[in-house]
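Raw run37.cif, mmCIF, C-alpha atoms:
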data_my_file
loop_
_atom_site.group_PDB
_atom_site.id
_atom_site.type_symbol
_atom_site.label_atom_id
_atom_site.label_comp_id
_atom_site.auth_asym_id
_atom_site.auth_seq_id
_atom_site.Cartn_x
_atom_site.Cartn_y
_atom_site.Cartn_z
ATOM 1 C CA MET A 7 163.850 87.102 58.607
ATOM 2 C CA THR A 8 166.665 89.379 57.453
ATOM 3 C CA ALA A 9 166.996 92.982 58.504
ATOM 4 C CA SER A 10 166.057 94.166 55.007
ATOM 5 C CA ASN A 11 162.836 92.129 55.041
ATOM 6 C CA ALA A 12 161.785 93.011 58.587
ATOM 7 C CA PRO A 13 158.763 95.318 58.868
ATOM 8 C CA SER A 14 159.530 98.905 59.732
ATOM 9 C CA THR A 15 158.847 99.842 63.345
ATOM 10 C CA ARG A 16 159.430 103.549 62.812
ATOM 11 C CA GLY A 17 156.522 105.559 64.155
ATOM 12 C CA ARG A 18 154.829 108.275 62.178
ATOM 13 C CA SER A 19 156.400 111.666 62.470
ATOM 14 C CA ASN A 20 154.662 114.682 63.962
ATOM 15 C CA GLY A 21 154.514 116.249 60.520
ATOM 16 C CA GLU A 22 152.625 113.271 59.110
ATOM 17 C CA LYS A 23 150.196 113.284 62.033
ATOM 18 C CA LYS A 24 149.579 116.998 61.623
ATOM 19 C CA PHE A 25 149.012 116.606 57.896
ATOM 20 C CA ASP A 26 146.531 113.765 58.511
ATOM 21 C CA GLY A 27 144.706 115.883 61.060
ATOM 22 C CA PHE A 28 144.617 118.823 58.649
ATOM 23 C CA PHE A 29 143.326 116.606 55.847
ATOM 24 C CA VAL A 30 140.572 115.089 58.019
ATOM 25 C CA GLY A 31 139.544 118.527 59.264
ATOM 26 C CA THR A 32 139.465 119.968 55.747
ATOM 27 C CA THR A 33 137.393 117.165 54.248
ATOM 28 C CA LEU A 34 135.014 117.271 57.233
ATOM 29 C CA THR A 35 134.595 121.012 56.742
ATOM 30 C CA PHE A 36 133.807 120.564 53.054
ATOM 31 C CA ALA A 37 131.310 117.790 53.829
ATOM 32 C CA VAL A 38 129.509 119.879 56.442
ATOM 33 C CA ALA A 39 129.568 122.923 54.153
ATOM 34 C CA THR A 40 127.957 120.894 51.368
ATOM 35 C CA GLY A 41 125.155 119.801 53.675
ATOM 36 C CA LEU A 42 124.646 123.335 54.955
ATOM 37 C CA LEU A 43 124.556 124.662 51.392
ATOM 38 C CA LEU A 44 121.834 122.175 50.509
ATOM 39 C CA LEU A 45 119.818 123.174 53.569
ATOM 40 C CA ALA A 46 120.300 126.859 52.746
ATOM 41 C CA ILE A 47 119.015 126.376 49.192
ATOM 42 C CA ALA A 48 115.971 124.468 50.423
ATOM 43 C CA PHE A 49 115.323 127.080 53.129
ATOM 44 C CA ILE A 50 115.470 130.001 50.675
ATOM 45 C CA ILE A 51 113.156 128.235 48.225
ATOM 46 C CA PHE A 52 110.667 127.406 50.977
ATOM 47 C CA THR A 53 110.802 130.941 52.380
ATOM 48 C CA ASP A 54 109.919 132.403 48.997
ATOM 49 C CA ALA A 55 107.152 129.803 48.623
ATOM 50 C CA ILE A 56 105.422 130.656 51.941
ATOM 51 C CA PRO A 57 102.761 133.002 50.436
ATOM 52 C CA ALA A 58 101.645 130.277 48.025
ATOM 53 C CA VAL A 59 101.810 127.627 50.761
ATOM 54 C CA ARG A 60 99.527 129.724 52.970
ATOM 55 C CA GLN A 61 97.027 130.425 50.188
ATOM 56 C CA PHE A 62 96.857 127.021 48.486
ATOM 57 C CA GLY A 63 98.155 124.571 51.102
ATOM 58 C CA LEU A 64 98.429 120.929 50.044
ATOM 59 C CA GLY A 65 95.701 121.535 47.484
ATOM 60 C CA PHE A 66 98.435 123.018 45.298
ATOM 61 C CA ILE A 67 99.747 119.483 44.752
ATOM 62 C CA PHE A 68 96.402 118.079 43.601
ATOM 63 C CA ALA A 69 95.023 121.024 41.613
ATOM 64 C CA SER A 70 95.367 121.053 37.824
ATOM 65 C CA THR A 71 94.700 124.696 36.939
ATOM 66 C CA TRP A 72 97.603 127.092 36.379
ATOM 67 C CA ASN A 73 96.175 130.526 35.554
ATOM 68 C CA PRO A 74 98.370 133.544 36.396
ATOM 69 C CA VAL A 75 95.594 135.954 35.327
ATOM 70 C CA GLN A 76 93.173 134.635 37.933
ATOM 71 C CA GLU A 77 96.023 133.764 40.332
ATOM 72 C CA THR A 78 94.910 130.147 40.509
ATOM 73 C CA TYR A 79 97.752 127.669 40.640
ATOM 74 C CA GLY A 80 98.004 123.892 40.783
ATOM 75 C CA ALA A 81 101.053 121.726 40.117
ATOM 76 C CA LEU A 82 99.532 118.274 39.515
ATOM 77 C CA PRO A 83 100.134 118.216 35.708
ATOM 78 C CA MET A 84 103.748 119.270 36.189
ATOM 79 C CA ILE A 85 104.363 116.753 38.982
ATOM 80 C CA TYR A 86 102.811 114.039 36.836
ATOM 81 C CA GLY A 87 104.879 115.048 33.808
ATOM 82 C CA THR A 88 108.102 115.144 35.835
ATOM 83 C CA LEU A 89 107.580 111.654 37.244
ATOM 84 C CA VAL A 90 106.320 110.044 34.037
ATOM 85 C CA SER A 91 109.024 111.476 31.771
ATOM 86 C CA ALA A 92 111.822 110.669 34.237
ATOM 87 C CA PHE A 93 110.760 107.095 34.978
ATOM 88 C CA LEU A 94 109.989 106.349 31.331
ATOM 89 C CA ALA A 95 113.465 107.627 30.472
ATOM 90 C CA LEU A 96 114.907 105.291 33.114
ATOM 91 C CA LEU A 97 112.883 102.402 31.720
ATOM 92 C CA ILE A 98 114.571 102.960 28.371
ATOM 93 C CA ALA A 99 118.063 103.963 29.502
ATOM 94 C CA VAL A 100 118.773 101.484 32.330
ATOM 95 C CA PRO A 101 118.756 98.271 30.242
ATOM 96 C CA LEU A 102 120.722 99.974 27.460
ATOM 97 C CA GLY A 103 123.189 101.632 29.824
ATOM 98 C CA LEU A 104 123.808 98.516 31.895
ATOM 99 C CA GLY A 105 124.160 96.413 28.750
ATOM 100 C CA VAL A 106 126.712 98.813 27.274
ATOM 101 C CA ALA A 107 128.571 98.930 30.608
ATOM 102 C CA ILE A 108 128.841 95.127 30.670
ATOM 103 C CA PHE A 109 129.949 95.089 27.033
ATOM 104 C CA LEU A 110 132.657 97.679 27.699
ATOM 105 C CA SER A 111 133.895 96.267 31.009
ATOM 106 C CA GLU A 112 134.332 92.661 29.868
ATOM 107 C CA ASN A 113 136.639 91.326 27.164
ATOM 108 C CA PHE A 114 134.094 91.025 24.400
ATOM 109 C CA ILE A 115 136.105 93.192 21.998
ATOM 110 C CA PRO A 116 139.765 94.296 21.755
ATOM 111 C CA LEU A 117 140.979 96.906 24.231
ATOM 112 C CA LYS A 118 141.696 99.537 21.557
ATOM 113 C CA ILE A 119 138.127 99.433 20.270
ATOM 114 C CA ARG A 120 136.743 99.474 23.824
ATOM 115 C CA THR A 121 138.768 102.579 24.620
ATOM 116 C CA VAL A 122 137.310 104.417 21.645
ATOM 117 C CA LEU A 123 133.760 103.358 22.506
ATOM 118 C CA VAL A 124 134.175 104.425 26.145
ATOM 119 C CA PHE A 125 135.361 107.838 24.987
ATOM 120 C CA MET A 126 132.410 108.204 22.614
ATOM 121 C CA VAL A 127 129.871 107.214 25.282
ATOM 122 C CA GLU A 128 131.310 109.645 27.809
ATOM 123 C CA LEU A 129 131.386 112.348 25.141
ATOM 124 C CA LEU A 130 127.569 112.204 25.028
ATOM 125 C CA ALA A 131 127.510 113.645 28.555
ATOM 126 C CA ALA A 132 129.407 116.739 27.375
ATOM 127 C CA ILE A 133 126.838 117.727 24.737
ATOM 128 C CA PRO A 134 124.788 120.772 25.896
ATOM 129 C CA SER A 135 121.131 120.084 26.612
ATOM 130 C CA VAL A 136 120.002 122.703 24.097
ATOM 131 C CA VAL A 137 121.711 120.666 21.366
ATOM 132 C CA TYR A 138 119.716 117.620 22.419
ATOM 133 C CA GLY A 139 116.588 119.759 22.238
ATOM 134 C CA LEU A 140 117.389 120.950 18.734
ATOM 135 C CA TRP A 141 118.183 117.389 17.659
ATOM 136 C CA GLY A 142 114.842 116.318 19.072
ATOM 137 C CA ILE A 143 112.989 119.010 17.097
ATOM 138 C CA PHE A 144 114.707 118.512 13.738
ATOM 139 C CA VAL A 145 115.506 114.777 13.798
ATOM 140 C CA LEU A 146 113.616 112.804 16.437
ATOM 141 C CA ILE A 147 110.171 114.367 15.972
ATOM 142 C CA PRO A 148 110.154 113.925 12.152
ATOM 143 C CA ALA A 149 111.351 110.338 12.611
ATOM 144 C CA LEU A 150 108.572 109.616 15.112
ATOM 145 C CA LYS A 151 105.980 111.211 12.803
ATOM 146 C CA TRP A 152 107.117 108.935 9.991
ATOM 147 C CA PHE A 153 107.123 105.863 12.252
ATOM 148 C CA PHE A 154 103.650 106.408 13.699
ATOM 149 C CA GLY A 155 102.363 107.372 10.259
ATOM 150 C CA LEU A 156 103.136 103.841 9.079
ATOM 151 C CA PHE A 157 100.482 102.598 11.519
ATOM 152 C CA GLY A 158 97.996 105.379 10.788
ATOM 153 C CA ILE A 159 98.559 107.034 14.186
ATOM 154 C CA GLN A 160 98.433 110.809 14.272
ATOM 155 C CA PHE A 161 101.472 112.252 16.019
ATOM 156 C CA THR A 162 101.703 116.031 16.356
ATOM 157 C CA GLY A 163 105.314 116.214 17.547
ATOM 158 C CA PRO A 164 106.112 117.670 20.972
ATOM 159 C CA SER A 165 104.886 115.125 23.506
ATOM 160 C CA MET A 166 105.661 113.210 26.675
ATOM 161 C CA LEU A 167 107.134 110.389 24.600
ATOM 162 C CA THR A 168 109.501 112.714 22.758
ATOM 163 C CA ALA A 169 110.718 114.255 26.006
ATOM 164 C CA SER A 170 111.211 110.816 27.564
ATOM 165 C CA LEU A 171 113.303 109.632 24.617
ATOM 166 C CA ILE A 172 115.465 112.750 24.753
ATOM 167 C CA LEU A 173 115.947 112.337 28.505
ATOM 168 C CA ALA A 174 116.822 108.659 28.020
ATOM 169 C CA ILE A 175 119.575 109.599 25.566
ATOM 170 C CA MET A 176 120.866 112.290 27.934
ATOM 171 C CA ILE A 177 121.105 110.030 30.994
ATOM 172 C CA LEU A 178 122.461 107.028 29.082
ATOM 173 C CA PRO A 179 126.152 108.055 29.391
ATOM 174 C CA ILE A 180 125.751 108.653 33.151
ATOM 175 C CA ILE A 181 124.384 105.169 33.769
ATOM 176 C CA THR A 182 126.904 103.585 31.405
ATOM 177 C CA ALA A 183 129.990 105.353 32.764
ATOM 178 C CA ILE A 184 129.259 104.786 36.460
ATOM 179 C CA SER A 185 128.121 101.190 35.956
ATOM 180 C CA ARG A 186 131.185 100.424 33.868
ATOM 181 C CA ASP A 187 133.526 101.914 36.476
ATOM 182 C CA SER A 188 131.790 99.912 39.212
ATOM 183 C CA LEU A 189 132.172 96.665 37.261
ATOM 184 C CA ALA A 190 135.744 97.386 36.168
ATOM 185 C CA SER A 191 136.849 98.146 39.744
ATOM 186 C CA LEU A 192 135.844 94.707 41.042
ATOM 187 C CA PRO A 193 138.728 92.407 42.047
ATOM 188 C CA PRO A 194 139.726 90.015 39.242
ATOM 189 C CA ASP A 195 139.547 87.189 41.795
ATOM 190 C CA LEU A 196 135.732 87.329 41.664
ATOM 191 C CA ARG A 197 135.678 86.504 37.955
ATOM 192 C CA GLN A 198 138.385 83.862 38.248
ATOM 193 C CA ALA A 199 136.791 82.160 41.251
ATOM 194 C CA SER A 200 133.372 82.028 39.611
ATOM 195 C CA LEU A 201 134.739 80.674 36.367
ATOM 196 C CA GLY A 202 136.940 78.256 38.294
ATOM 197 C CA ILE A 203 133.967 76.524 39.921
ATOM 198 C CA GLY A 204 132.316 76.011 36.545
ATOM 199 C CA ALA A 205 130.077 79.071 36.169
ATOM 200 C CA THR A 206 129.454 80.330 32.649
ATOM 201 C CA ARG A 207 130.540 83.758 31.527
ATOM 202 C CA TRP A 208 127.026 85.196 31.649
ATOM 203 C CA GLY A 209 126.311 83.397 34.903
ATOM 204 C CA THR A 210 129.372 85.097 36.393
ATOM 205 C CA ILE A 211 128.219 88.480 35.138
ATOM 206 C CA PHE A 212 124.645 88.275 36.419
ATOM 207 C CA ARG A 213 125.165 86.265 39.613
ATOM 208 C CA VAL A 214 128.542 87.548 40.808
ATOM 209 C CA LEU A 215 129.695 90.776 39.185
ATOM 210 C CA ILE A 216 126.441 92.758 39.041
ATOM 211 C CA PRO A 217 125.481 91.932 42.668
ATOM 212 C CA ALA A 218 128.985 92.902 43.791
ATOM 213 C CA ALA A 219 128.783 96.231 41.972
ATOM 214 C CA ILE A 220 125.109 96.909 42.682
ATOM 215 C CA SER A 221 125.713 99.892 44.975
ATOM 216 C CA GLY A 222 127.622 101.752 42.275
ATOM 217 C CA ILE A 223 125.118 100.766 39.590
ATOM 218 C CA VAL A 224 122.127 101.936 41.640
ATOM 219 C CA GLY A 225 124.020 105.103 42.531
ATOM 220 C CA GLY A 226 124.508 105.824 38.833
ATOM 221 C CA ILE A 227 120.843 105.148 38.125
ATOM 222 C CA MET A 228 119.731 107.509 40.892
ATOM 223 C CA LEU A 229 122.109 110.188 39.656
ATOM 224 C CA ALA A 230 120.625 109.773 36.189
ATOM 225 C CA LEU A 231 117.102 109.962 37.629
ATOM 226 C CA GLY A 232 117.965 113.238 39.333
ATOM 227 C CA ARG A 233 119.281 114.570 36.033
ATOM 228 C CA ALA A 234 116.114 113.497 34.241
ATOM 229 C CA MET A 235 113.808 115.049 36.860
ATOM 230 C CA GLY A 236 115.685 118.334 36.838
ATOM 231 C CA GLU A 237 116.432 118.657 33.117
ATOM 232 C CA THR A 238 115.118 121.955 31.812
ATOM 233 C CA MET A 239 116.075 123.121 28.345
ATOM 234 C CA ALA A 240 115.851 119.909 26.337
ATOM 235 C CA ALA A 241 112.564 118.887 27.961
ATOM 236 C CA THR A 242 111.118 122.376 27.474
ATOM 237 C CA MET A 243 111.845 122.275 23.757
ATOM 238 C CA VAL A 244 110.166 118.945 23.015
ATOM 239 C CA ILE A 245 107.519 118.228 25.675
ATOM 240 C CA GLY A 246 104.893 120.685 24.432
ATOM 241 C CA ASN A 247 104.475 122.642 27.716
ATOM 242 C CA SER A 248 100.792 121.795 28.102
ATOM 243 C CA ASN A 249 99.426 121.792 31.658
ATOM 244 C CA GLN A 250 97.341 118.648 31.396
ATOM 245 C CA VAL A 251 97.320 115.153 32.861
ATOM 246 C CA SER A 252 97.009 112.597 30.098
ATOM 247 C CA LEU A 253 97.745 108.884 29.968
ATOM 248 C CA ASN A 254 98.433 109.228 26.229
ATOM 249 C CA LEU A 255 102.198 109.581 25.845
ATOM 250 C CA LEU A 256 101.739 111.028 22.357
ATOM 251 C CA GLU A 257 100.098 114.174 23.761
ATOM 252 C CA PRO A 258 101.975 117.236 25.064
ATOM 253 C CA GLY A 259 102.759 117.557 28.758
ATOM 254 C CA ASN A 260 104.844 119.615 31.139
ATOM 255 C CA THR A 261 107.389 119.257 33.928
ATOM 256 C CA ILE A 262 108.242 121.384 36.940
ATOM 257 C CA ALA A 263 111.618 122.316 35.471
ATOM 258 C CA SER A 264 110.011 123.348 32.175
ATOM 259 C CA LEU A 265 107.406 125.392 34.021
ATOM 260 C CA LEU A 266 110.105 127.291 35.891
ATOM 261 C CA ALA A 267 112.096 127.921 32.722
ATOM 262 C CA ASN A 268 109.074 129.213 30.809
ATOM 263 C CA GLN A 269 107.495 131.466 33.418
ATOM 264 C CA PHE A 270 110.004 132.558 36.015
ATOM 265 C CA ALA A 271 111.512 135.401 33.998
ATOM 266 C CA GLU A 272 108.149 137.171 33.617
ATOM 267 C CA ALA A 273 106.541 136.116 36.909
ATOM 268 C CA LYS A 274 105.424 138.639 39.524
ATOM 269 C CA GLY A 275 103.807 138.566 42.922
ATOM 270 C CA LEU A 276 101.995 135.374 43.851
ATOM 271 C CA GLN A 277 103.105 133.656 40.657
ATOM 272 C CA VAL A 278 106.736 133.815 41.828
ATOM 273 C CA SER A 279 105.731 132.229 45.121
ATOM 274 C CA ALA A 280 103.780 129.514 43.295
ATOM 275 C CA LEU A 281 106.788 128.748 41.118
ATOM 276 C CA MET A 282 109.003 128.521 44.198
ATOM 277 C CA TYR A 283 106.433 126.193 45.761
ATOM 278 C CA ALA A 284 106.699 123.969 42.693
ATOM 279 C CA ALA A 285 110.499 124.119 42.909
ATOM 280 C CA PHE A 286 110.369 123.091 46.573
ATOM 281 C CA ILE A 287 108.182 120.121 45.628
ATOM 282 C CA LEU A 288 110.819 119.109 43.061
ATOM 283 C CA VAL A 289 113.489 119.262 45.781
ATOM 284 C CA ILE A 290 111.375 117.037 48.046
ATOM 285 C CA MET A 291 110.739 114.580 45.204
ATOM 286 C CA THR A 292 114.476 114.308 44.532
ATOM 287 C CA LEU A 293 115.175 113.802 48.240
ATOM 288 C CA VAL A 294 112.571 111.028 48.486
ATOM 289 C CA VAL A 295 114.012 109.297 45.421
ATOM 290 C CA ASN A 296 117.503 109.324 46.944
ATOM 291 C CA ILE A 297 116.235 107.953 50.262
ATOM 292 C CA LEU A 298 114.450 105.134 48.450
ATOM 293 C CA ALA A 299 117.629 104.424 46.498
ATOM 294 C CA GLN A 300 119.634 104.073 49.709
ATOM 295 C CA LEU A 301 117.052 101.680 51.116
ATOM 296 C CA ILE A 302 117.140 99.599 47.931
ATOM 297 C CA VAL A 303 120.950 99.436 47.955
ATOM 298 C CA SER A 304 121.001 98.449 51.637
ATOM 299 C CA ARG A 305 118.519 95.611 51.108
ATOM 300 C CA ILE A 306 120.298 94.291 48.027
ATOM 301 C CA GLN A 307 123.687 94.405 49.740
ATOM 302 C CA ALA A 308 122.276 92.584 52.773
ATOM 303 C CA LYS A 309 120.894 89.907 50.472
ATOM 304 C CA TYR A 310 124.294 89.131 48.950
ATOM 305 C CA GLU A 311 126.405 89.427 52.100
#
Turn this file's structure into structure tokens for me.
Amino acid sequence: MTASNAPSTRGRSNGEKKFDGFFVGTTLTFAVATGLLLLAIAFIIFTDAIPAVRQFGLGFIFASTWNPVQETYGALPMIYGTLVSAFLALLIAVPLGLGVAIFLSENFIPLKIRTVLVFMVELLAAIPSVVYGLWGIFVLIPALKWFFGLFGIQFTGPSMLTASLILAIMILPIITAISRDSLASLPPDLRQASLGIGATRWGTIFRVLIPAAISGIVGGIMLALGRAMGETMAATMVIGNSNQVSLNLLEPGNTIASLLANQFAEAKGLQVSALMYAAFILVIMTLVVNILAQLIVSRIQAKYE
């Protein structure tokens, strides 16, 4: 081995060590601060919700009446609407988003066209939610009325189905972008090795690439689910804001985020506490969803290790 090819034995300088220590300390501080900020938000929400917690207890979760005049509050219709609209949106958006991500990460079309399509998909995420709401009112609802009218089904307009479709369109670019980045960042050796042993193109995608990128894909799906559960303006404009539990997706419904948007500005006294109680429930629901997502990712990764 020549002197020019020999590995360097020079130790790291004190300046480099100090910079590394400063960088580690700074990132650790930011990470701890983020966690403390989350705890502070949850603590403030729960503190403001204490009067409603004391008066209604866990019955608040299972009661269906929301009457500020009589100071009777129950969040079951809103919890139901939040879960149904979010998971129905996922049911629509996940297959589409993952399919688009695969299409854009593999060489199905020329690179120039893929670049344009990637830009257009990511541009959907930059559209304000109020624009989606207006599009839902003036385009989607008339289209759904026409479609259901062909089958003789009466469709009034604002409904759980309309909100779910709007949410699906809103979370589609999140799922697509993160899934595509996860697939594109995989080592090329995985594709080449799979194809080299005789696997088909689609067999490589579904049996090698997707399992290898599953943590990023599930992370994108959970991020999209959090967006769907917490979306306010677009859902408020098209869901109908009716405090009822109905299995009919063509009827109006409500979500916790929509409830907060509609009533918080004019709320007083116990109603404010009830709204904060509902907001705290939404925080807990989001936390539970993220914990379940981590468990799912861990089990899937263990399966393919």
Worksheet item: What is the distance, in Å and to one decimal place, between CA of Lys274 in chain A and CA of Pro74 in chain A?
Response: 9.2 Å
Item to complete: Counting only C-alpha atoms, figure out which residue out of A:Ile119, A:Ala99, A:Met228, A:Met126 gets nearest to Ile175 in chain A.
Response: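 The closest residue to Ile175 in chain A is A:Ala99.
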Discussion item. I'd like the contact shell of Leu178 in chain A - 8 Å cut-off, all atoms listed in the file, skipping same-chain residues fewer than 6 positions apart - returned as a list of chain:residue names.
Written reply: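 Here the answer would be A:Ala99, A:Val100, A:Leu102, A:Gly103, A:Ala230.
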Item to complete: Check the smallest atom-to-atom distance from each of A:Val303, A:Val214, A:Leu123, A:Ile184 to Leu196 in chain A using only C-alpha atoms, then report the winner.
Response: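 The shortest atom-to-atom distance to Leu196 in chain A comes from A:Val214.
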Practice prompt. For CA of Thr88 in chain A and CA of Pro57 in chain A, quote the distance in Å rounded to one decimal.
Written response: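 Going from CA of Thr88 in chain A over to CA of Pro57 in chain A covers 23.7 Å.
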Discussion item. Going by the chain IDs and residue numbers used in this file, which residues fall under the PyMOL selection byres ((chain A and resi 226) around 10)? Write them as a PyMOL selection string.
Written reply: chain A and resi 100+177+179-186+188+220-225+227-232
Item to complete: Specify as a ChimeraX atom specification each residue included when the PyMOL selection byres ((chain A and resi 77) around 10) is applied to this file.
Response: /A:71-76,78-79,275-277,280
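When the PyMOL selection byres ((chain A and resi 91) around 9) is evaluated against the file, it yields A:Tyr86, A:Gly87, A:Thr88, A:Leu89, A:Val90, A:Ala92, A:Phe93, A:Leu94, A:Ala95, A:Leu96, A:Met166, A:Leu167, A:Ala169, A:Ser170, A:Leu171, A:Leu173, A:Ala234, A:Met235, A:Thr261.
The shortest atom-to-atom distance to Gly259 in chain A, with only C-alpha atoms taken into account, belongs to A:Pro83 out of A:Pro148, A:Pro83, A:Gly209, A:Gly204.
Our summary of the geometry notes that CA of Phe286 in chain A is positioned 14.2 Å from CA of Phe270 in chain A.
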Discussion item. Just checking: using only C-alpha atoms, which residue out of A:Gly202, A:Pro258, A:Pro116, A:Gly105 ends up closest to Leu189 in chain A?
Written reply: A:Gly105
Practice prompt. Determine, counting all atoms listed in the file, which protein, DNA and RNA residues have an atom within 7 Å of an atom of Ala241 in chain A; residues of the same chain fewer than 4 positions away are not included. Present the result as a list in words.
Written response: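 Surrounding residues, per the criterion: Ala169, Glu237, Ile245 and Ser264 of chain A.
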Discussion item. So that I can see what lies close to Ile159 in chain A, please list as a ChimeraX atom specification the residues with an atom at most 12 Å from it, counting only C-alpha atoms and leaving out residues fewer than 6 positions away in the same chain.
Written reply: /A:150-153,256
